[in-house]
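Colleague: My questions will all concern the structure given below.
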Amino acid sequence: MQKNISPGSLNRAILLIETIANGSRKGSTLSELVARTSLPRPTIYRVLDTLIEHGWVKRDEISARYNLALGLAALGYSAISRNPIENIATTHLSILAEQLNQVVYLGVRSGLDMICIGRYESTSQIQVGRGHVGMRGPFGMTPSCLAMMAKLPHEEVNAIIHANLSRYHRIEGFDEIGFRKAVDNAIRNGYSTYDGIIVDHTTSAIGVAICDPDNYPIAGIATTFITGWLDDSQWHNCLQMLKKAAENIANDLYTKEVQTM
């Protein structure tokens, strides 16, 4: 679906940045940007030149693909560091990562996208999971997303999936049947399980949502591990610890908000 944008370079720049962010991690070609934005090629050239000058976009000289640059990443990291959820969650999730001896992730929703705003590692030499802070993609493709879907109204979940389905299918190895089953399981259980929905069929995960006082999801936390690594007792203990951490983060977040009112 095309976006309707108002005239002006700022709107075109925003559209191009969002399009590059939602494209392949390898970057986007000029032809791909033309097709996805419907902007004239000369306009895209002009706006990209400005974004490159600001250090927000870079062009690979070999592949001629455009990708987001470190200048924009620095702004993103600055925004993440000021997010009250990340500030409060850092201690809780750092401790949780050590207790589980596994990587723990924190993700938030931005419209139809997911943004990873925290990755917390244990001292274990085995770190399972390739997610990283600042990673962005279509909402629904991570355990933390599925955990948030478990708490969203059903009609909102259906609307997100409908809007993002073509984006899901652009991800190599995406399994729509497995994905829809995982969504149904998450809604039924109230938490997410994630077993080889895309790409790596050796990795599993558990995710739970952080909710506001009205039980609406504001973020999701998840941990990843090698499939079969945990026995039943360890798996259920892991789930309970995730739930407790999510509850503690929500309590701290909204207690702090009440105190500052």
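So you can find residues: chains in the structure tokens are A, B, ... in the order shown, residues in each start at 1, and ligands are numbered from 1 in order.
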Do a neighbour search on Thr142 (chain A) at 9 Å with only C-alpha atoms, toss out local chain neighbours closer than 2 positions, and write the hits as a PDB file with C-alpha atoms, in the first residue's frame.
Modeller:
ATOM      1  CA  GLY A 107      11.153  -4.854  22.088  1.00  0.00           C
ATOM      2  CA  MET A 114       9.015  -3.680  15.913  1.00  0.00           C
ATOM      3  CA  PHE A 139       5.788  -6.258  13.846  1.00  0.00           C
ATOM      4  CA  GLY A 140       5.078  -9.941  14.458  1.00  0.00           C
ATOM      5  CA  SER A 144       8.441 -10.295  21.957  1.00  0.00           C
ATOM      6  CA  CYS A 145       6.076  -9.221  19.148  1.00  0.00           C
ATOM      7  CA  LEU A 146       4.076 -12.429  19.469  1.00  0.00           C
ATOM      8  CA  ALA A 147       3.896 -11.893  23.223  1.00  0.00           C
ATOM      9  CA  TYR A 194       8.703 -19.455  19.038  1.00  0.00           C
ATOM     10  CA  GLY A 207       8.146 -14.175  25.262  1.00  0.00           C
ATOM     11  CA  ALA A 222      11.810 -12.653  25.356  1.00  0.00           C
TER      12      ALA A 222
END
Colleague: For Ala246 (chain A), which residue out of A:Met135, A:Ile115, A:Ala89, A:Trp229 is the nearest one, using only C-alpha atoms?
Modeller: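 Among the listed residues, the smallest separation from Ala246 (chain A) belongs to A:Ala89.
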Colleague: What are the DSSP helix (DSSP H, G or I) residues of region 15-245 of chain A, as a PyMOL selection string?
Modeller: chain A and resi 15-21+30-37+41-53+70-81+84-100+143-149+154-169+176-189+232-245
Colleague: For the residues in the current selection, export C-alpha atoms as a compact mmCIF listing (two decimals), in the first residue's frame.
Modeller:
# COMPACT_ATOMS: atom_id res chain seq x y z
CA LEU A 15 9.48 8.23 3.45
CA LEU A 16 12.88 7.19 2.06
CA ILE A 17 14.35 6.53 5.52
CA GLU A 18 11.34 4.38 6.47
CA THR A 19 11.50 2.53 3.15
CA ILE A 20 15.21 1.77 3.54
CA ALA A 21 14.62 0.70 7.17
CA LEU A 30 17.55 2.93 -6.44
CA SER A 31 15.09 0.94 -8.54
CA GLU A 32 13.64 -0.66 -5.40
CA LEU A 33 13.22 2.75 -3.78
CA VAL A 34 11.46 4.08 -6.87
CA ALA A 35 9.08 1.10 -6.88
CA ARG A 36 8.30 1.26 -3.17
CA THR A 37 7.87 5.02 -2.82
CA ARG A 41 14.04 9.02 -9.67
CA PRO A 42 15.60 12.56 -9.77
CA THR A 43 13.78 13.45 -6.54
CA ILE A 44 15.08 10.32 -4.81
CA TYR A 45 18.62 11.11 -5.98
CA ARG A 46 18.39 14.65 -4.61
CA VAL A 47 16.95 13.64 -1.22
CA LEU A 48 19.40 10.76 -0.82
CA ASP A 49 22.32 13.12 -1.48
CA THR A 50 21.09 15.33 1.37
CA LEU A 51 20.67 12.34 3.69
CA ILE A 52 24.16 11.11 2.83
CA GLU A 53 25.59 14.57 3.62
CA LEU A 70 25.69 5.49 11.76
CA GLY A 71 24.59 9.12 12.06
CA LEU A 72 20.97 8.02 12.13
CA ALA A 73 21.85 5.10 14.40
CA ALA A 74 23.33 7.56 16.91
CA LEU A 75 20.05 9.46 17.01
CA GLY A 76 18.19 6.19 17.45
CA TYR A 77 20.40 5.09 20.32
CA SER A 78 19.90 8.47 21.95
CA ALA A 79 16.12 8.03 21.74
CA ILE A 80 16.35 4.48 23.08
CA SER A 81 18.47 5.55 26.05
CA PRO A 84 11.54 5.16 30.33
CA ILE A 85 10.82 1.47 29.72
CA GLU A 86 14.43 0.75 28.75
CA ASN A 87 15.76 2.76 31.70
CA ILE A 88 13.62 0.84 34.17
CA ALA A 89 14.00 -2.54 32.45
CA THR A 90 17.81 -2.53 32.24
CA THR A 91 18.47 -3.70 35.79
CA HIS A 92 15.62 -6.23 35.84
CA LEU A 93 16.56 -7.77 32.49
CA SER A 94 20.31 -7.77 33.13
CA ILE A 95 19.67 -9.76 36.31
CA LEU A 96 17.22 -12.03 34.47
CA ALA A 97 19.78 -12.77 31.74
CA GLU A 98 22.27 -13.91 34.38
CA GLN A 99 19.65 -16.00 36.20
CA LEU A 100 18.58 -17.72 32.97
CA PRO A 143 8.95 -13.64 20.22
CA SER A 144 8.44 -10.29 21.96
CA CYS A 145 6.08 -9.22 19.15
CA LEU A 146 4.08 -12.43 19.47
CA ALA A 147 3.90 -11.89 23.22
CA MET A 148 2.43 -8.44 22.66
CA MET A 149 -0.03 -9.86 20.12
CA HIS A 154 -8.04 -9.71 18.23
CA GLU A 155 -9.20 -7.24 15.58
CA GLU A 156 -5.97 -5.26 16.03
CA VAL A 157 -3.88 -8.42 15.63
CA ASN A 158 -5.74 -9.32 12.43
CA ALA A 159 -5.27 -5.80 11.05
CA ILE A 160 -1.51 -5.89 11.74
CA ILE A 161 -1.07 -9.29 10.10
CA HIS A 162 -3.11 -8.24 7.06
CA ALA A 163 -1.06 -5.06 6.63
CA ASN A 164 2.31 -6.79 7.17
CA LEU A 165 1.77 -10.13 5.44
CA SER A 166 3.53 -9.12 2.20
CA ARG A 167 6.49 -7.90 4.29
CA TYR A 168 6.61 -11.20 6.19
CA HIS A 169 6.82 -13.11 2.93
CA GLU A 176 3.06 -18.56 7.23
CA ILE A 177 1.39 -21.71 8.57
CA GLY A 178 3.84 -21.90 11.47
CA PHE A 179 3.50 -18.17 12.10
CA ARG A 180 -0.30 -18.23 12.28
CA LYS A 181 -0.15 -21.26 14.57
CA ALA A 182 2.29 -19.39 16.84
CA VAL A 183 -0.04 -16.36 16.94
CA ASP A 184 -3.04 -18.56 17.82
CA ASN A 185 -1.03 -20.31 20.54
CA ALA A 186 0.12 -16.97 21.97
CA ILE A 187 -3.44 -15.63 22.12
CA ARG A 188 -4.66 -18.83 23.76
CA ASN A 189 -1.79 -19.05 26.29
CA ASP A 232 10.07 -29.22 31.03
CA SER A 233 10.93 -28.02 34.52
CA GLN A 234 13.51 -25.52 33.25
CA TRP A 235 11.14 -24.31 30.53
CA HIS A 236 8.32 -23.58 32.99
CA ASN A 237 10.76 -21.93 35.40
CA CYS A 238 12.00 -19.73 32.57
CA LEU A 239 8.43 -18.70 31.71
CA GLN A 240 7.64 -17.81 35.32
CA MET A 241 10.81 -15.73 35.64
CA LEU A 242 9.96 -13.83 32.46
CA LYS A 243 6.45 -13.16 33.75
CA LYS A 244 7.79 -11.93 37.08
CA ALA A 245 10.30 -9.63 35.39
Colleague: I'd like to know which of A:Leu152, A:Leu39, A:Val57, A:Leu112 is closest to Asn215 (chain A), using only C-alpha atoms.
Modeller: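 Checking each candidate against Asn215 (chain A), we get A:Leu152 as the closest.
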Colleague: Report, in Å with one decimal, the straight-line distance from CA of Gly27 (chain A) to CA of Ile14 (chain A).
Modeller: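 Between CA of Gly27 (chain A) and CA of Ile14 (chain A) the gap works out to 16.3 Å.
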Colleague: Of the candidates A:Thr123, A:Ser24, A:Thr255, A:Thr224, which one gets nearest to Tyr105 (chain A) if we count only C-alpha atoms?
Modeller: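 Closest to Tyr105 (chain A) of all the choices is A:Thr224.
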Colleague: Tell me which protein, DNA and RNA residues are within 6 Å of Val208 (chain A), counting only C-alpha atoms, leaving out same-chain ones fewer than 2 positions away, and put them as number ranges by chain.
Modeller: A: 147, 191, 220-221
Colleague: Rank nothing, just name the residue among A:Ala205, A:Ala69, A:Ile249, A:Met141 nearest to Ile218 (chain A), using only C-alpha atoms.
Modeller: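 Counting only C-alpha atoms, the residue closest to Ile218 (chain A) is A:Ile249.
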Colleague: Near Asp195 (chain A), counting only C-alpha atoms, which residues have an atom at most 8 Å away, once you skip same-chain residues fewer than 6 positions from it, shown as a ChimeraX atom specification?
Modeller: /A:201-205,227
